[in-house]
$ cat final-v1.cif   # mmCIF, C-alpha atoms
data_work
loop_
_atom_site.label_atom_id
_atom_site.label_comp_id
_atom_site.auth_asym_id
_atom_site.auth_seq_id
_atom_site.Cartn_x
_atom_site.Cartn_y
_atom_site.Cartn_z
CA MET W 1 97.98 121.02 -61.45
CA GLN W 2 96.74 118.80 -58.60
CA HIS W 3 94.31 115.91 -58.89
CA SER W 4 90.81 115.61 -57.44
CA LYS W 5 89.51 112.63 -55.51
CA ILE W 6 86.21 111.47 -54.05
CA VAL W 7 86.87 110.92 -50.35
CA GLY W 8 83.36 110.25 -49.06
CA LEU W 9 80.01 108.97 -50.38
CA GLY W 10 76.55 109.08 -48.85
CA HIS W 11 72.90 108.56 -49.74
CA TYR W 12 69.38 108.85 -48.43
CA VAL W 13 66.10 107.42 -49.68
CA PRO W 14 62.63 108.10 -48.24
CA GLU W 15 61.09 105.56 -45.89
CA ARG W 16 57.98 104.85 -47.96
CA VAL W 17 58.38 101.78 -50.16
CA VAL W 18 56.03 101.62 -53.16
CA THR W 19 55.87 98.19 -54.76
CA ASN W 20 54.63 97.20 -58.20
CA GLU W 21 51.61 95.68 -56.47
CA ASP W 22 50.87 99.07 -54.91
CA LEU W 23 50.91 100.72 -58.34
CA SER W 24 48.69 98.00 -59.81
CA LYS W 25 45.93 99.22 -57.48
CA LEU W 26 46.14 102.70 -59.03
CA MET W 27 46.53 101.89 -62.72
CA ASP W 28 46.25 99.12 -65.28
CA THR W 29 49.58 97.42 -64.70
CA ASN W 30 51.10 94.50 -62.83
CA ASP W 31 54.37 93.29 -61.37
CA GLU W 32 55.27 91.16 -64.40
CA TRP W 33 54.63 94.00 -66.87
CA ILE W 34 56.81 96.45 -64.94
CA ILE W 35 59.69 94.05 -64.31
CA GLU W 36 59.75 92.89 -67.93
CA ARG W 37 60.02 96.47 -69.24
CA THR W 38 62.15 98.13 -66.56
CA GLY W 39 63.53 95.60 -64.07
CA ILE W 40 62.03 97.65 -61.23
CA LYS W 41 60.39 95.85 -58.30
CA GLU W 42 59.90 98.80 -55.94
CA ARG W 43 60.80 102.44 -55.46
CA ARG W 44 60.75 105.06 -52.69
CA PHE W 45 58.29 107.96 -52.57
CA ALA W 46 58.93 111.03 -50.46
CA ASP W 47 56.66 112.08 -47.59
CA PRO W 48 55.56 115.67 -48.41
CA ASP W 49 55.22 116.40 -44.69
CA LYS W 50 58.81 115.39 -43.99
CA ASP W 51 61.01 115.12 -47.07
CA THR W 52 62.34 117.91 -49.28
CA VAL W 53 64.96 117.76 -51.99
CA ALA W 54 67.26 119.88 -49.81
CA ASN W 55 66.88 117.94 -46.56
CA MET W 56 67.26 114.59 -48.32
CA ALA W 57 70.45 115.98 -49.86
CA ALA W 58 71.59 117.14 -46.41
CA LYS W 59 71.14 113.63 -44.98
CA ALA W 60 73.14 112.14 -47.86
CA ALA W 61 75.80 114.82 -47.40
CA LYS W 62 76.13 114.13 -43.69
CA MET W 63 76.74 110.44 -44.42
CA ALA W 64 79.40 111.37 -47.00
CA LEU W 65 81.08 113.75 -44.55
CA GLU W 66 81.09 111.15 -41.77
CA ARG W 67 82.64 108.55 -44.06
CA ALA W 68 85.29 111.10 -45.10
CA ASN W 69 86.02 112.08 -41.46
CA ALA W 70 85.12 115.65 -42.40
CA GLU W 71 82.90 118.38 -40.99
CA ALA W 72 80.24 120.40 -42.78
CA SER W 73 82.31 123.51 -42.01
CA ASP W 74 85.07 122.11 -44.28
CA ILE W 75 82.86 122.52 -47.38
CA ASP W 76 83.73 125.57 -49.45
CA PHE W 77 81.60 124.94 -52.57
CA ILE W 78 78.34 123.09 -53.33
CA VAL W 79 77.40 121.73 -56.74
CA PHE W 80 73.79 120.50 -56.66
CA ALA W 81 72.30 118.48 -59.51
CA THR W 82 68.51 118.24 -59.65
CA ILE W 83 65.62 118.79 -62.06
CA THR W 84 63.09 118.78 -59.22
CA PRO W 85 64.17 121.71 -57.01
CA ASP W 86 62.08 122.55 -53.98
CA TYR W 87 61.22 125.90 -55.57
CA PHE W 88 61.00 127.13 -59.15
CA PHE W 89 63.69 129.51 -57.87
CA PRO W 90 66.00 129.80 -56.02
CA GLY W 91 67.77 126.54 -56.70
CA SER W 92 68.11 123.88 -54.03
CA GLY W 93 71.86 124.50 -53.65
CA VAL W 94 71.31 127.45 -51.33
CA LEU W 95 68.65 125.50 -49.42
CA LEU W 96 71.19 122.73 -48.84
CA GLN W 97 73.67 125.36 -47.67
CA ARG W 98 71.05 126.48 -45.13
CA GLU W 99 70.27 122.88 -44.07
CA LEU W 100 73.95 122.29 -43.33
CA GLY W 101 74.31 125.58 -41.46
CA LEU W 102 77.08 126.85 -43.70
CA GLY W 103 78.19 130.42 -44.24
CA SER W 104 78.22 132.37 -47.48
CA ILE W 105 79.93 129.71 -49.59
CA PRO W 106 78.87 129.49 -53.25
CA ALA W 107 76.21 127.02 -54.37
CA LEU W 108 75.78 126.09 -58.02
CA ASP W 109 72.73 124.28 -59.42
CA ILE W 110 73.00 121.87 -62.36
CA ARG W 111 69.94 121.00 -64.48
CA ASN W 112 71.15 118.14 -66.65
CA ALA W 113 68.63 115.51 -65.53
CA CYS W 114 70.00 111.93 -65.59
CA SER W 115 73.49 113.15 -66.52
CA GLY W 116 73.39 115.80 -63.81
CA PHE W 117 75.64 114.14 -61.25
CA ILE W 118 78.45 113.51 -63.74
CA TYR W 119 78.15 117.08 -65.02
CA ALA W 120 78.32 118.29 -61.41
CA LEU W 121 81.29 116.04 -60.68
CA SER W 122 83.06 117.47 -63.71
CA VAL W 123 82.52 121.01 -62.41
CA ALA W 124 83.92 120.04 -59.02
CA ASP W 125 86.89 118.34 -60.69
CA GLN W 126 87.84 121.51 -62.56
CA PHE W 127 87.57 123.76 -59.50
CA ILE W 128 89.67 121.38 -57.41
CA LYS W 129 92.33 121.05 -60.11
CA THR W 130 92.69 124.82 -60.45
CA GLY W 131 93.04 125.17 -56.69
CA MET W 132 90.04 127.48 -56.30
CA TYR W 133 88.24 125.19 -53.83
CA LYS W 134 89.44 122.45 -51.48
CA ASN W 135 86.29 120.65 -50.34
CA VAL W 136 83.50 120.45 -52.89
CA LEU W 137 80.20 118.80 -52.01
CA VAL W 138 78.60 117.25 -55.10
CA VAL W 139 74.96 116.22 -54.77
CA GLY W 140 72.28 114.62 -56.91
CA ALA W 141 68.76 114.59 -55.45
CA GLU W 142 65.20 114.32 -56.75
CA ILE W 143 61.58 114.20 -55.61
CA GLN W 144 59.63 113.06 -58.65
CA SER W 145 56.74 111.14 -57.08
CA THR W 146 54.63 114.22 -56.43
CA ALA W 147 54.57 115.04 -60.16
CA LEU W 148 53.82 111.55 -61.47
CA ASP W 149 50.50 110.79 -63.13
CA LEU W 150 49.53 107.75 -61.07
CA THR W 151 46.83 106.61 -63.48
CA THR W 152 46.79 104.29 -66.48
CA ARG W 153 47.34 107.35 -68.68
CA GLY W 154 50.68 108.00 -67.03
CA ARG W 155 51.88 104.47 -66.34
CA GLY W 156 54.65 104.64 -68.97
CA THR W 157 56.57 107.00 -66.70
CA ALA W 158 54.87 106.54 -63.32
CA VAL W 159 56.28 103.02 -62.88
CA ILE W 160 59.83 104.15 -63.60
CA PHE W 161 60.68 107.04 -61.32
CA GLY W 162 61.49 107.25 -57.62
CA ASP W 163 62.90 109.67 -55.06
CA GLY W 164 66.27 109.86 -53.34
CA ALA W 165 69.57 111.68 -52.86
CA GLY W 166 73.26 110.90 -53.12
CA ALA W 167 76.36 112.93 -52.28
CA ALA W 168 80.12 112.90 -52.74
CA LEU W 169 82.84 114.96 -51.09
CA VAL W 170 85.67 115.82 -53.50
CA ARG W 171 89.11 116.97 -52.35
CA PRO W 172 92.58 117.61 -53.81
CA SER W 173 94.93 114.65 -54.01
CA ASP W 174 98.56 114.04 -54.91
CA GLN W 175 97.50 110.84 -56.65
CA PRO W 176 95.13 110.57 -59.63
CA GLY W 177 91.47 110.18 -58.62
CA ILE W 178 89.03 111.53 -61.17
CA LEU W 179 90.98 110.71 -64.32
CA SER W 180 88.65 112.40 -66.80
CA THR W 181 85.06 113.40 -67.47
CA HIS W 182 83.31 113.51 -70.84
CA LEU W 183 80.16 115.56 -71.43
CA HIS W 184 77.80 115.71 -74.42
CA SER W 185 74.37 117.01 -75.42
CA ASP W 186 72.03 117.16 -78.41
CA GLY W 187 69.08 119.54 -78.04
CA ASN W 188 67.45 118.24 -81.21
CA TYR W 189 65.81 115.60 -79.03
CA ALA W 190 64.79 117.86 -76.14
CA GLU W 191 61.08 117.17 -76.51
CA GLU W 192 61.50 113.37 -76.50
CA LEU W 193 61.86 113.43 -72.71
CA TYR W 194 60.69 116.59 -70.97
CA ILE W 195 58.17 118.45 -68.83
CA LYS W 196 56.87 121.46 -70.75
CA ASP W 197 55.68 123.59 -67.84
CA PRO W 198 56.19 125.73 -65.89
CA GLY W 199 58.09 127.21 -68.81
CA SER W 200 58.77 130.91 -69.24
CA SER W 201 58.29 130.99 -73.03
CA ARG W 202 54.55 131.48 -72.73
CA PRO W 203 52.20 134.43 -73.21
CA HIS W 204 51.52 136.26 -69.97
CA GLU W 205 48.01 134.86 -69.63
CA GLU W 206 49.24 131.26 -69.96
CA ARG W 207 51.67 131.61 -67.05
CA GLN W 208 49.11 132.84 -64.55
CA PRO W 209 47.80 130.18 -62.15
CA GLU W 210 44.13 131.04 -62.64
CA GLN W 211 44.51 130.26 -66.35
CA ILE W 212 45.97 126.80 -65.83
CA LEU W 213 43.11 124.40 -66.50
CA ASP W 214 44.86 121.50 -68.22
CA THR W 215 47.85 120.24 -66.23
CA ALA W 216 48.99 117.71 -68.85
CA SER W 217 51.96 119.89 -69.78
CA PHE W 218 53.21 119.63 -66.19
CA LYS W 219 53.58 115.84 -66.49
CA VAL W 220 56.58 113.94 -67.78
CA HIS W 221 56.42 113.22 -71.51
CA MET W 222 58.73 110.45 -72.69
CA ASN W 223 59.13 108.80 -76.06
CA GLY W 224 60.38 105.56 -74.55
CA ASN W 225 61.46 103.90 -77.79
CA MET W 226 63.44 106.95 -78.90
CA VAL W 227 65.14 107.28 -75.51
CA PHE W 228 66.08 103.58 -75.41
CA LYS W 229 67.42 103.62 -78.97
CA HIS W 230 69.72 106.57 -78.30
CA ALA W 231 70.68 105.50 -74.78
CA VAL W 232 72.16 102.13 -75.74
CA VAL W 233 74.32 103.81 -78.39
CA LYS W 234 75.48 106.83 -76.39
CA PHE W 235 76.15 104.86 -73.20
CA HIS W 236 78.60 102.64 -75.05
CA GLU W 237 80.20 105.51 -77.00
CA VAL W 238 80.84 107.69 -73.96
CA ILE W 239 82.29 104.78 -71.95
CA MET W 240 84.68 103.93 -74.77
CA GLU W 241 85.57 107.63 -75.10
CA ALA W 242 86.64 107.72 -71.45
CA LEU W 243 88.69 104.53 -71.74
CA GLU W 244 90.44 105.66 -74.93
CA ALA W 245 91.23 109.08 -73.44
CA ASN W 246 93.12 107.33 -70.66
CA GLN W 247 94.66 104.60 -72.84
CA LEU W 248 92.70 101.92 -71.01
CA THR W 249 90.44 99.10 -72.16
CA LYS W 250 87.08 97.74 -71.02
CA GLU W 251 88.95 94.86 -69.40
CA ASP W 252 90.54 97.41 -67.03
CA ILE W 253 87.17 98.38 -65.55
CA ASP W 254 86.67 97.04 -62.02
CA LEU W 255 83.14 98.41 -61.64
CA LEU W 256 80.76 100.15 -64.02
CA VAL W 257 78.13 102.27 -62.27
CA PRO W 258 75.58 103.30 -64.91
CA HIS W 259 72.74 105.72 -64.39
CA GLN W 260 69.84 103.60 -63.22
CA ALA W 261 67.45 104.34 -66.08
CA ASN W 262 66.24 100.88 -67.02
CA LEU W 263 67.67 97.47 -66.20
CA ARG W 264 67.31 96.47 -69.85
CA ILE W 265 69.66 99.30 -70.84
CA SER W 266 72.21 98.35 -68.18
CA ASN W 267 72.10 94.70 -69.22
CA TYR W 268 72.53 95.64 -72.88
CA ILE W 269 75.59 97.77 -72.08
CA GLN W 270 77.04 95.00 -69.91
CA GLU W 271 76.67 92.55 -72.79
CA LYS W 272 78.02 95.03 -75.34
CA LEU W 273 81.15 95.59 -73.23
CA GLY W 274 81.50 91.92 -72.38
CA LEU W 275 81.60 92.63 -68.64
CA PRO W 276 80.71 89.96 -66.08
CA GLU W 277 77.71 90.67 -63.87
CA GLN W 278 79.86 91.40 -60.81
CA LYS W 279 81.49 94.33 -62.64
CA VAL W 280 78.24 96.25 -63.18
CA TYR W 281 76.37 97.70 -60.22
CA ASN W 282 72.57 97.98 -60.42
CA ASN W 283 70.09 98.94 -57.72
CA ILE W 284 67.22 100.13 -59.93
CA MET W 285 65.26 97.09 -58.76
CA ARG W 286 64.93 98.71 -55.32
CA TYR W 287 64.78 102.42 -56.11
CA GLY W 288 63.62 102.96 -59.69
CA ASN W 289 65.07 105.83 -61.68
CA THR W 290 66.11 108.62 -59.30
CA THR W 291 67.55 110.73 -62.13
CA ALA W 292 70.46 112.86 -60.81
CA GLY W 293 70.40 110.87 -57.59
CA SER W 294 70.86 107.45 -59.16
CA ILE W 295 74.63 107.32 -59.69
CA PRO W 296 75.67 108.70 -56.27
CA ILE W 297 73.13 106.46 -54.50
CA ALA W 298 74.48 103.44 -56.39
CA MET W 299 78.11 104.42 -55.71
CA SER W 300 77.40 104.90 -52.01
CA GLU W 301 75.78 101.48 -51.73
CA ALA W 302 78.48 99.80 -53.81
CA TRP W 303 81.20 101.30 -51.57
CA ALA W 304 79.38 100.18 -48.42
CA GLU W 305 79.10 96.65 -49.86
CA GLY W 306 82.85 96.52 -50.48
CA LYS W 307 82.48 96.60 -54.25
CA ILE W 308 84.53 99.80 -54.60
CA LYS W 309 88.02 99.36 -53.20
CA GLU W 310 91.22 101.36 -53.18
CA GLY W 311 92.99 101.20 -56.53
CA ASP W 312 89.86 100.11 -58.43
CA LEU W 313 89.00 101.66 -61.78
CA ILE W 314 85.41 102.92 -61.58
CA CYS W 315 83.48 104.02 -64.65
CA LEU W 316 80.37 106.18 -64.38
CA ALA W 317 78.04 106.68 -67.36
CA ALA W 318 74.70 108.38 -67.87
CA PHE W 319 72.17 109.29 -70.55
CA GLY W 320 68.96 111.25 -70.28
CA SER W 321 66.80 114.26 -71.04
CA GLY W 322 68.33 116.91 -73.24
CA PHE W 323 69.46 114.62 -74.69
CA THR W 324 72.59 114.70 -72.54
CA TRP W 325 75.10 111.96 -71.89
CA ALA W 326 78.34 111.77 -69.93
CA SER W 327 80.99 109.54 -68.41
CA ALA W 328 83.68 109.73 -65.77
CA LEU W 329 86.63 107.45 -65.13
CA ILE W 330 87.87 107.29 -61.55
CA ARG W 331 90.86 105.63 -59.92
CA TRP W 332 89.67 104.96 -56.38
#
$ encode --input "final-v1.cif" --output "structure tokens"
Amino acid sequence: MQHSKIVGLGHYVPERVVTNEDLSKLMDTNDEWIIERTGIKERRFADPDKDTVANMAAKAAKMALERANAEASDIDFIVFATITPDYFFPGSGVLLQRELGLGSIPALDIRNACSGFIYALSVADQFIKTGMYKNVLVVGAEIQSTALDLTTRGRGTAVIFGDGAGAALVRPSDQPGILSTHLHSDGNYAEELYIKDPGSSRPHEERQPEQILDTASFKVHMNGNMVFKHAVVKFHEVIMEALEANQLTKEDIDLLVPHQANLRISNYIQEKLGLPEQKVYNNIMRYGNTTAGSIPIAMSEAWAEGKIKEGDLICLAAFGSGFTWASALIRW
């Protein structure tokens, strides 16, 4: 069985920068309050007249292809992670296929929220290792700004999320690349971080647009304390699981790229693992939480900054809605 390897990374974020000061004009909050609780200073919001989940993903994909010296026509499978697809259905995978001008290659959509990119990477890894596909495009992309409640009522989530897309091209390799992936979930906590509607488990009259009077169930609901409490435990567990599976230690990690959920969580995990600051990559300060897009955006930036080098051991880890959590260990 052959190995799989990431050969190109790319990202795209919308042009519009939304600062904490901007949000303070819309709700009862301020820069100090947001930074203290999240570490976020600014985020990007999509332009509804220009940006879509699919075309942001296409821009990220084109960067990844260019860095890999590959063409879009080389892609034979798309795995697209998003919880904010352009349409309720079909998924955004086929829309990305159209954006890239590809033929009838398969496109698979993954709905695992913050863990989505690692889940998608795991799917690509298996297909490459079995020899079924040779060039798999793995994408994480989100537009969350248009669903945020930008009032004091919604500030607990509105200050956290941002928009963006990241992509990776995965190919076969004679040398180990993706060493292992580790996936978990626990649906007992599904309602601690979720958007209830549009859900299909409703009476007919409740799913019809003319009956929708209260849109509260279309907003993000998050039990922040519950999410934080589980995240700090599961992040550490799933990182150690990956290291132990490969008979490695935390000292072997050259760079940890965590899902950009909250800077407090990342700092806690860094301290728990005893890693120096230069071994943990964070960009949540600039982009907020871009859910499935956060890890590939961070990886793309880290690579461009020279912080991911050949031979490095890279650890990815995520936790989010579901609850789901996952990790991947990569030899670059």
$ closest_residue --input "final-v1.cif" --among "W:Thr291, W:Ser217, W:Ser115, W:Ser122" --to "Thr324 (chain W)" --atoms "all atoms listed in the file"
W:Ser115
$ resolve_selection --input "final-v1.cif" --expression "the PyMOL selection byres ((chain W and resi 145) around 7)" --output "list in words"
Phe45, Ala46, Ile143, Gln144, Thr146, Ala147, Leu148, Gly162 and Asp163 of chain W
$ resolve_selection --input "final-v1.cif" --expression "the PyMOL selection byres ((chain W and resi 303) around 12)" --output "PyMOL selection string"
chain W and resi 6-11+64+67+168+255+257+281+296-302+304-310+312+314+332
$ resolve_selection --input "final-v1.cif" --expression "the PyMOL selection byres ((chain W and resi 51) around 12)" --output "ChimeraX atom specification"
/W:12-16,44-50,52-59,86,141-146,163-165
$ atom_distance --input "final-v1.cif" --atom1 "CA of Asn20 (chain W)" --atom2 "CA of Ile160 (chain W)"
10.2 Å
